[in-house]
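Engineer: final_29.tsv is reproduced in full below (TSV, C-alpha atoms).
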```
chain	number	residue	atom	x	y	z
X	1	MET	CA	-10.84	-153.78	183.59
X	2	GLN	CA	-9.25	-151.73	180.82
X	3	LYS	CA	-6.43	-153.51	178.98
X	4	VAL	CA	-3.67	-151.08	178.00
X	5	THR	CA	-0.60	-151.62	175.84
X	6	ILE	CA	2.14	-149.01	175.52
X	7	VAL	CA	4.38	-149.58	172.51
X	8	GLY	CA	7.61	-147.71	173.15
X	9	CYS	CA	7.94	-147.08	176.87
X	10	GLY	CA	10.59	-144.38	177.04
X	11	ASP	CA	10.13	-141.21	179.06
X	12	ILE	CA	6.62	-140.36	177.84
X	13	GLY	CA	5.45	-143.97	177.86
X	14	HIS	CA	6.79	-144.44	181.37
X	15	ARG	CA	4.98	-141.33	182.57
X	16	VAL	CA	1.73	-142.48	180.97
X	17	ALA	CA	2.10	-145.91	182.58
X	18	LEU	CA	2.54	-144.38	186.02
X	19	ARG	CA	-0.61	-142.31	185.57
X	20	LEU	CA	-2.88	-145.28	184.79
X	21	PRO	CA	-5.12	-146.40	187.69
X	22	VAL	CA	-3.59	-149.66	188.92
X	23	GLN	CA	-6.86	-151.13	190.14
X	24	GLU	CA	-8.66	-150.40	186.87
X	25	SER	CA	-6.03	-151.24	184.24
X	26	SER	CA	-4.16	-154.27	182.99
X	27	LEU	CA	-0.93	-152.89	181.54
X	28	SER	CA	1.72	-154.20	179.16
X	29	CYS	CA	4.73	-152.07	178.19
X	30	TRP	CA	6.64	-152.96	175.04
X	31	VAL	CA	10.30	-152.02	174.85
X	32	ARG	CA	12.96	-153.00	172.39
X	33	SER	CA	15.51	-154.73	174.63
X	34	ARG	CA	15.35	-157.25	177.45
X	35	ALA	CA	17.46	-154.92	179.57
X	36	SER	CA	14.86	-152.17	179.23
X	37	ALA	CA	12.10	-154.64	180.05
X	38	ARG	CA	13.89	-155.76	183.21
X	39	LYS	CA	14.38	-152.15	184.25
X	40	LEU	CA	10.68	-151.38	183.94
X	41	GLN	CA	9.77	-154.64	185.67
X	42	GLY	CA	11.96	-153.53	188.55
X	43	LEU	CA	9.78	-150.43	188.80
X	44	GLY	CA	6.65	-152.56	189.00
X	45	LEU	CA	5.55	-152.18	185.36
X	46	ALA	CA	4.63	-155.28	183.37
X	47	SER	CA	7.01	-155.17	180.41
X	48	VAL	CA	8.07	-157.31	177.49
X	49	ALA	CA	10.88	-157.01	174.94
X	50	VAL	CA	9.45	-156.62	171.43
X	51	ASP	CA	11.72	-155.81	168.49
X	52	LEU	CA	9.51	-154.56	165.68
X	53	ASP	CA	12.50	-154.74	163.33
X	54	ASP	CA	12.62	-158.54	163.75
X	55	SER	CA	10.36	-160.04	161.10
X	56	ALA	CA	10.41	-163.43	162.85
X	57	ILE	CA	9.19	-162.23	166.23
X	58	THR	CA	5.82	-163.28	167.63
X	59	LEU	CA	4.00	-160.23	168.93
X	60	PRO	CA	1.83	-160.20	172.07
X	61	VAL	CA	-1.91	-160.18	171.48
X	62	VAL	CA	-3.59	-156.77	171.79
X	63	VAL	CA	-7.21	-157.68	171.01
X	64	GLY	CA	-9.56	-155.14	172.56
X	65	HIS	CA	-6.72	-153.15	174.12
X	66	SER	CA	-6.28	-149.40	174.36
X	67	LEU	CA	-2.92	-149.02	172.59
X	68	PHE	CA	-0.57	-146.06	172.88
X	69	TYR	CA	2.01	-146.10	170.07
X	70	PHE	CA	5.06	-144.09	171.14
X	71	ALA	CA	7.82	-146.07	169.40
X	72	PRO	CA	10.06	-144.04	167.08
X	73	PRO	CA	10.23	-144.90	163.39
X	74	PRO	CA	13.40	-146.37	161.86
X	75	GLY	CA	16.33	-143.99	161.55
X	76	LYS	CA	16.37	-143.77	157.77
X	77	GLY	CA	14.14	-143.91	154.72
X	78	THR	CA	10.67	-142.46	154.26
X	79	GLU	CA	8.58	-145.37	155.58
X	80	ASP	CA	7.79	-146.58	159.08
X	81	LEU	CA	8.21	-150.31	158.68
X	82	ARG	CA	7.80	-150.84	162.43
X	83	VAL	CA	4.22	-149.66	162.29
X	84	ALA	CA	3.77	-151.80	159.19
X	85	ALA	CA	5.06	-154.88	161.06
X	86	LEU	CA	2.71	-154.33	163.99
X	87	ILE	CA	-0.35	-153.79	161.80
X	88	ARG	CA	0.52	-156.87	159.75
X	89	ALA	CA	0.73	-158.94	162.93
X	90	MET	CA	-2.55	-157.56	164.23
X	91	THR	CA	-4.39	-158.68	161.11
X	92	GLU	CA	-3.54	-162.23	162.19
X	93	THR	CA	-3.90	-162.03	165.98
X	94	GLY	CA	-6.64	-159.41	166.41
X	95	HIS	CA	-7.00	-155.67	166.76
X	96	PRO	CA	-6.96	-153.17	169.62
X	97	HIS	CA	-10.09	-151.19	170.41
X	98	ARG	CA	-8.37	-147.80	170.11
X	99	VAL	CA	-4.94	-146.45	169.13
X	100	VAL	CA	-3.37	-143.14	170.10
X	101	TYR	CA	-0.44	-142.48	167.77
X	102	LEU	CA	2.24	-139.93	168.60
X	103	SER	CA	3.26	-138.15	165.40
X	104	THR	CA	5.11	-134.88	164.87
X	105	THR	CA	4.25	-131.37	163.74
X	106	GLY	CA	7.19	-131.76	161.38
X	107	VAL	CA	4.75	-133.28	158.88
X	108	TYR	CA	3.60	-129.71	158.10
X	109	GLY	CA	7.06	-128.77	156.83
X	110	ASP	CA	8.01	-125.12	156.41
X	111	CYS	CA	5.03	-122.78	156.80
X	112	ASP	CA	7.00	-119.52	156.67
X	113	GLY	CA	6.01	-118.66	160.24
X	114	ALA	CA	2.26	-118.85	159.57
X	115	TRP	CA	-0.28	-120.10	162.09
X	116	VAL	CA	-1.03	-123.76	161.46
X	117	ASP	CA	-4.09	-125.75	162.47
X	118	GLU	CA	-5.04	-129.34	161.72
X	119	GLN	CA	-6.67	-128.39	158.41
X	120	ARG	CA	-3.34	-127.50	156.82
X	121	PRO	CA	-2.21	-130.19	154.37
X	122	PRO	CA	1.00	-131.97	155.38
X	123	SER	CA	4.08	-131.07	153.37
X	124	PRO	CA	7.10	-132.77	154.95
X	125	ARG	CA	10.61	-131.71	154.04
X	126	ALA	CA	12.78	-134.02	156.15
X	127	ASP	CA	12.84	-137.80	155.86
X	128	ARG	CA	12.08	-138.11	159.59
X	129	ALA	CA	8.78	-136.27	158.98
X	130	TRP	CA	7.99	-138.39	155.93
X	131	ARG	CA	8.37	-141.49	158.12
X	132	ARG	CA	5.83	-140.08	160.57
X	133	LEU	CA	3.41	-139.21	157.80
X	134	ASP	CA	3.79	-142.71	156.41
X	135	ALA	CA	2.90	-144.09	159.85
X	136	GLU	CA	-0.16	-141.83	160.02
X	137	ARG	CA	-1.29	-143.18	156.65
X	138	ARG	CA	-0.81	-146.78	157.73
X	139	TRP	CA	-2.76	-146.25	160.95
X	140	ARG	CA	-5.59	-144.57	159.04
X	141	GLU	CA	-5.79	-147.48	156.64
X	142	TRP	CA	-5.78	-149.87	159.60
X	143	SER	CA	-8.65	-147.98	161.24
X	144	LEU	CA	-10.74	-148.03	158.07
X	145	SER	CA	-10.19	-151.73	157.42
X	146	SER	CA	-10.46	-153.01	161.00
X	147	GLY	CA	-12.98	-150.61	162.49
X	148	GLY	CA	-10.56	-149.78	165.29
X	149	GLU	CA	-10.62	-146.25	166.68
X	150	LEU	CA	-7.66	-143.94	166.01
X	151	VAL	CA	-6.49	-140.59	167.37
X	152	ILE	CA	-3.37	-138.93	165.95
X	153	LEU	CA	-1.40	-136.42	168.02
X	154	ARG	CA	1.01	-134.16	166.13
X	155	VAL	CA	3.43	-133.12	168.82
X	156	ALA	CA	5.68	-130.06	168.99
X	157	GLY	CA	9.17	-130.07	170.50
X	158	ILE	CA	9.10	-131.79	173.89
X	159	TYR	CA	10.95	-130.24	176.81
X	160	GLY	CA	11.03	-131.12	180.49
X	161	PRO	CA	13.18	-133.04	182.98
X	162	GLY	CA	16.09	-134.61	181.11
X	163	LYS	CA	15.00	-132.95	177.87
X	164	LEU	CA	16.67	-129.54	178.10
X	165	PRO	CA	19.57	-128.64	175.75
X	166	VAL	CA	22.11	-128.50	178.60
X	167	LYS	CA	25.01	-130.20	176.80
X	168	ARG	CA	24.48	-128.08	173.71
X	169	LEU	CA	24.61	-124.90	175.76
X	170	GLN	CA	27.64	-126.08	177.73
X	171	SER	CA	29.49	-126.87	174.51
X	172	GLY	CA	28.99	-123.33	173.21
X	173	THR	CA	27.40	-124.44	169.94
X	174	PRO	CA	26.37	-121.26	168.08
X	175	MET	CA	22.90	-120.25	166.93
X	176	VAL	CA	21.64	-117.79	164.36
X	177	ALA	CA	20.42	-114.34	165.40
X	178	GLU	CA	16.78	-114.04	166.43
X	179	THR	CA	16.02	-112.11	163.25
X	180	ASP	CA	17.12	-115.16	161.21
X	181	SER	CA	15.69	-117.78	163.55
X	182	PRO	CA	12.64	-119.89	162.67
X	183	ILE	CA	9.52	-119.97	164.82
X	184	THR	CA	9.31	-123.12	166.92
X	185	ASN	CA	6.76	-124.64	169.29
X	186	HIS	CA	7.03	-126.61	172.51
X	187	ILE	CA	5.13	-128.76	174.98
X	188	HIS	CA	6.17	-129.79	178.49
X	189	SER	CA	6.44	-133.57	178.94
X	190	GLN	CA	3.89	-133.59	181.76
X	191	ASP	CA	1.39	-131.69	179.63
X	192	LEU	CA	1.98	-134.15	176.80
X	193	VAL	CA	1.12	-137.02	179.14
X	194	ASP	CA	-2.13	-135.27	180.06
X	195	VAL	CA	-2.95	-134.89	176.36
X	196	CYS	CA	-2.19	-138.56	175.63
X	197	LEU	CA	-4.52	-139.72	178.39
X	198	ALA	CA	-7.23	-137.28	177.30
X	199	ALA	CA	-6.92	-138.44	173.69
X	200	MET	CA	-7.40	-142.05	174.72
X	201	ALA	CA	-10.37	-141.17	176.93
X	202	ARG	CA	-12.27	-138.71	174.78
X	203	GLY	CA	-10.50	-137.88	171.51
X	204	ARG	CA	-12.74	-138.22	168.46
X	205	SER	CA	-11.80	-141.22	166.37
X	206	GLY	CA	-10.24	-140.28	163.05
X	207	GLU	CA	-9.18	-136.85	164.27
X	208	VAL	CA	-5.77	-135.16	164.37
X	209	TYR	CA	-4.78	-132.85	167.22
X	210	ASN	CA	-1.85	-130.46	167.32
X	211	VAL	CA	-0.09	-130.67	170.68
X	212	SER	CA	1.74	-127.55	171.84
X	213	ASP	CA	1.59	-125.01	174.65
X	214	GLY	CA	0.22	-122.36	172.28
X	215	HIS	CA	3.11	-119.94	172.80
X	216	PRO	CA	5.45	-120.20	169.80
X	217	GLY	CA	8.73	-118.31	169.71
X	218	THR	CA	12.02	-118.26	167.87
X	219	MET	CA	14.41	-121.16	168.26
X	220	THR	CA	17.11	-118.74	169.36
X	221	ALA	CA	14.86	-117.27	172.05
X	222	TYR	CA	14.23	-120.79	173.37
X	223	PHE	CA	17.94	-121.55	173.75
X	224	ASN	CA	18.53	-118.13	175.31
X	225	GLN	CA	15.72	-118.57	177.83
X	226	VAL	CA	16.96	-122.00	178.87
X	227	ALA	CA	20.51	-120.67	179.17
X	228	ASP	CA	19.39	-117.72	181.30
X	229	PHE	CA	17.35	-119.97	183.56
X	230	LEU	CA	20.22	-122.42	184.10
X	231	GLY	CA	22.80	-119.68	184.53
X	232	LEU	CA	24.71	-120.71	181.41
X	233	ALA	CA	26.14	-118.54	178.66
X	234	ARG	CA	23.82	-117.83	175.75
X	235	PRO	CA	24.85	-119.45	172.45
X	236	PRO	CA	27.23	-117.38	170.32
X	237	VAL	CA	25.42	-115.68	167.43
X	238	ILE	CA	26.38	-116.47	163.84
X	239	SER	CA	24.99	-115.59	160.41
X	240	LEU	CA	22.94	-117.96	158.30
X	241	ALA	CA	25.89	-118.35	155.95
X	242	GLU	CA	28.12	-119.36	158.85
X	243	ALA	CA	25.43	-121.71	160.16
X	244	LYS	CA	25.42	-123.59	156.87
X	245	ARG	CA	29.14	-124.18	157.27
X	246	CYS	CA	29.32	-125.21	160.92
X	247	LEU	CA	25.98	-126.58	162.13
X	248	SER	CA	24.93	-130.20	161.72
X	249	PRO	CA	22.62	-131.22	158.85
X	250	GLY	CA	19.98	-132.10	161.42
X	251	MET	CA	20.04	-128.65	163.01
X	252	LEU	CA	20.05	-126.98	159.61
X	253	SER	CA	16.91	-128.88	158.66
X	254	TYR	CA	15.18	-127.53	161.77
X	255	LEU	CA	16.35	-124.02	160.91
X	256	GLY	CA	14.64	-124.40	157.55
X	257	GLU	CA	11.16	-124.89	159.02
X	258	SER	CA	9.11	-122.14	160.66
X	259	ARG	CA	5.50	-122.35	161.88
X	260	ARG	CA	3.19	-121.24	164.68
X	261	LEU	CA	0.96	-124.04	165.94
X	262	SER	CA	-2.63	-123.53	166.97
X	263	ASN	CA	-3.58	-125.73	169.92
X	264	ARG	CA	-7.21	-124.58	170.07
X	265	LYS	CA	-8.64	-127.92	168.97
X	266	MET	CA	-6.56	-129.77	171.57
X	267	VAL	CA	-7.66	-127.48	174.39
X	268	GLU	CA	-11.33	-127.35	173.43
X	269	GLU	CA	-12.03	-130.92	172.28
X	270	LEU	CA	-9.74	-132.81	174.64
X	271	ASP	CA	-10.57	-130.43	177.51
X	272	VAL	CA	-6.92	-130.16	178.53
X	273	GLY	CA	-5.83	-127.51	181.00
X	274	LEU	CA	-2.12	-126.99	180.51
X	275	ARG	CA	0.01	-127.08	183.62
X	276	TYR	CA	2.83	-125.22	181.91
X	277	PRO	CA	1.51	-122.90	179.18
X	278	THR	CA	4.85	-121.07	178.90
X	279	LEU	CA	8.52	-121.76	179.46
X	280	ALA	CA	8.39	-119.43	182.45
X	281	GLU	CA	6.32	-122.06	184.29
X	282	GLY	CA	7.74	-125.16	182.63
X	283	LEU	CA	11.46	-124.60	183.17
X	284	PRO	CA	11.33	-124.29	186.99
X	285	ALA	CA	9.07	-127.35	187.17
X	286	SER	CA	11.53	-129.30	185.01
X	287	LEU	CA	14.44	-128.47	187.28
X	288	ASP	CA	12.44	-129.22	190.42
X	289	GLU	CA	11.55	-132.67	189.10
X	290	GLU	CA	15.12	-133.43	188.05
X	291	GLN	CA	16.39	-132.54	191.49
X	292	GLY	CA	13.60	-134.46	193.19
X	293	GLY	CA	13.86	-137.53	190.97
X	294	ASN	CA	10.10	-137.70	190.47
X	295	ASN	CA	8.83	-138.51	186.98
X	296	GLN	CA	5.28	-139.49	187.75
X	297	GLY	CA	3.83	-136.49	185.94
```
Re-express the file's structure as structure tokens.
Structural biologist:
Amino acid sequence: MQKVTIVGCGDIGHRVALRLPVQESSLSCWVRSRASARKLQGLGLASVAVDLDDSAITLPVVVGHSLFYFAPPPGKGTEDLRVAALIRAMTETGHPHRVVYLSTTGVYGDCDGAWVDEQRPPSPRADRAWRRLDAERRWREWSLSSGGELVILRVAGIYGPGKLPVKRLQSGTPMVAETDSPITNHIHSQDLVDVCLAAMARGRSGEVYNVSDGHPGTMTAYFNQVADFLGLARPPVISLAEAKRCLSPGMLSYLGESRRLSNRKMVEELDVGLRYPTLAEGLPASLDEEQGGNNQG
């Protein structure tokens, strides 16, 4: 029986857990709070509260496990001390057989709209991306020293049920014109789950895979398409100069990065057939799932 640990069982972790064959897997979901653990237990998922920020906590043993690491890094700084804490604990209690780590395509930084594959050297601009790159480095060092297998997934912007910018559109927050908008990339949450499972099953150890639907477009076009689909008003258009005055620092940092992601390696090596290769397929499916209350992927 395969022993599986999911560290960080939010939306994606929950979906992965529900896709695992019950008769063939022994599952443990790690969440930060006891309330979250009780909620997952109520859904029939074995869960435990593990606060990786607590240096005094005793971590569950993961020896020989297949470990999905979905937990976010800390909210500030340029290091992921949560990953550091877990790896430090594993050196004392034993190591998993394989780790799939969910990183971000933000580690590439601004690529001026160029096509980007996994050979491009990382060049983060935002601290949040530096934290992810730090985690990648720590996992690589762990793999080399322990002999454990590692697959890194660099994930584009996730959309899907509960992950559409509805409140932003309803609030009328402006956006720059398409001619000034950066190129962004997306992946539907159900497709991401498929990729995570494929990476655990057949990803080559030590490899990095970009995860996107392969159809990049401008950030403004994304908001407009979601607005049109939901029957909401498109965001008001402002200039870049106006954006610098009225948009949040977080949004401005996203506006400063433009790249087109190649997903060829993901499709070919992980043998993933995307359910939703474009927003035209993914948006209706997202709404259908929200209305049906089904998040099993």
Engineer: Near Asn263 of chain X, counting only C-alpha atoms, which residues have an atom at most 9 Å away, once you skip same-chain residues fewer than 5 positions from it, shown as a PyMOL selection string?
Structural biologist: chain X and resi 117+209-214+268
Engineer: Set the distance at 12 Å and use all atoms listed in the file: which residues neighbour Cys9 of chain X once local chain neighbours fewer than 2 positions away are removed? I'd like the list as a PyMOL selection string.
Structural biologist: chain X and resi 5-7+11-18+27-33+36-37+39-41+45-50+67-72
Engineer: Grab the atom CA of Arg34 of chain X to atom CA of Asp51 of chain X distance for me, in Å with one decimal place.
Structural biologist: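 Taking atom CA of Arg34 of chain X as the start and atom CA of Asp51 of chain X as the end point, the length is 9.8 Å.
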Engineer: Ranking X:Glu257, X:Glu290, X:Glu136, X:Glu281 by minimum distance to Cys111 of chain X and counting only C-alpha atoms, which one comes first?
Structural biologist: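 Looking only at the distances to Cys111 of chain X, the closest residue turns out to be X:Glu257.
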Engineer: For segment 186-249 of chain X against segment 154-158 of chain X, with a cut-off of 12 Å and counting only C-alpha atoms, what is the closest atom pair and its distance in Å to one decimal for every residue that makes the cut, ordered by chain and number, as a tab-separated table?
Structural biologist:
```
residue	atom	partner	partner_atom	distance
X:His186	CA	X:Gly157	CA	4.5
X:Ile187	CA	X:Ile158	CA	5.1
X:His188	CA	X:Ile158	CA	5.8
X:Ser189	CA	X:Ile158	CA	6.0
X:Gln190	CA	X:Ile158	CA	9.6
X:Asp191	CA	X:Ile158	CA	9.6
X:Leu192	CA	X:Ile158	CA	8.0
X:Val193	CA	X:Ile158	CA	10.9
X:Val195	CA	X:Val155	CA	10.0
X:Cys196	CA	X:Val155	CA	10.4
X:Ala199	CA	X:Arg154	CA	11.8
X:Glu207	CA	X:Arg154	CA	10.7
X:Val208	CA	X:Arg154	CA	7.1
X:Tyr209	CA	X:Arg154	CA	6.0
X:Asn210	CA	X:Arg154	CA	4.8
X:Val211	CA	X:Val155	CA	4.7
X:Ser212	CA	X:Ala156	CA	5.5
X:Asp213	CA	X:Ala156	CA	8.6
X:Gly214	CA	X:Ala156	CA	10.0
X:His215	CA	X:Ala156	CA	11.1
X:Pro216	CA	X:Ala156	CA	9.9
X:Gly217	CA	X:Gly157	CA	11.8
X:Met219	CA	X:Gly157	CA	10.6
X:Tyr222	CA	X:Gly157	CA	11.0
```
Engineer: Expressed in Å to a single decimal, how great is the separation between atom CA of Leu232 of chain X and atom CA of Thr105 of chain X?
Structural biologist: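 Separation of atom CA of Leu232 of chain X and atom CA of Thr105 of chain X: 29.1 Å.
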Engineer: Quick one: everything within 12 Å of Ala280 of chain X, counting only C-alpha atoms, minus sequence neighbours fewer than 4 positions away in the same chain. Send it as a ChimeraX atom specification.
Structural biologist: /X:188,213,215,222,225-226,228-229,275-276,284-287
Engineer: What does the distance between atom CA of Val100 of chain X and atom CA of Val151 of chain X come to in Å, to one decimal place?
Structural biologist: 4.9 Å
Engineer: Ranking X:Gly106, X:Asp127, X:Thr93, X:Val99 by minimum distance to Thr78 of chain X and counting only C-alpha atoms, which one comes first?
Structural biologist: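 Counting only C-alpha atoms, the residue closest to Thr78 of chain X is X:Asp127.
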Engineer: May I have the residues within 12 Å of Ala227 of chain X as an mmCIF file with C-alpha atoms, in the coordinates of the input, using only C-alpha atoms and disregarding those fewer than 5 positions away in the same chain?
Structural biologist:
```cif
data_model
loop_
_atom_site.group_PDB
_atom_site.id
_atom_site.type_symbol
_atom_site.label_atom_id
_atom_site.label_comp_id
_atom_site.auth_asym_id
_atom_site.auth_seq_id
_atom_site.Cartn_x
_atom_site.Cartn_y
_atom_site.Cartn_z
ATOM 1 C CA LEU X 164 16.670 -129.540 178.100
ATOM 2 C CA PRO X 165 19.570 -128.640 175.750
ATOM 3 C CA VAL X 166 22.110 -128.500 178.600
ATOM 4 C CA LYS X 167 25.010 -130.200 176.800
ATOM 5 C CA ARG X 168 24.480 -128.080 173.710
ATOM 6 C CA LEU X 169 24.610 -124.900 175.760
ATOM 7 C CA GLN X 170 27.640 -126.080 177.730
ATOM 8 C CA SER X 171 29.490 -126.870 174.510
ATOM 9 C CA GLY X 172 28.990 -123.330 173.210
ATOM 10 C CA THR X 220 17.110 -118.740 169.360
ATOM 11 C CA ALA X 221 14.860 -117.270 172.050
ATOM 12 C CA TYR X 222 14.230 -120.790 173.370
ATOM 13 C CA LEU X 232 24.710 -120.710 181.410
ATOM 14 C CA ALA X 233 26.140 -118.540 178.660
ATOM 15 C CA ARG X 234 23.820 -117.830 175.750
ATOM 16 C CA PRO X 235 24.850 -119.450 172.450
ATOM 17 C CA PRO X 236 27.230 -117.380 170.320
ATOM 18 C CA LEU X 283 11.460 -124.600 183.170
#
```
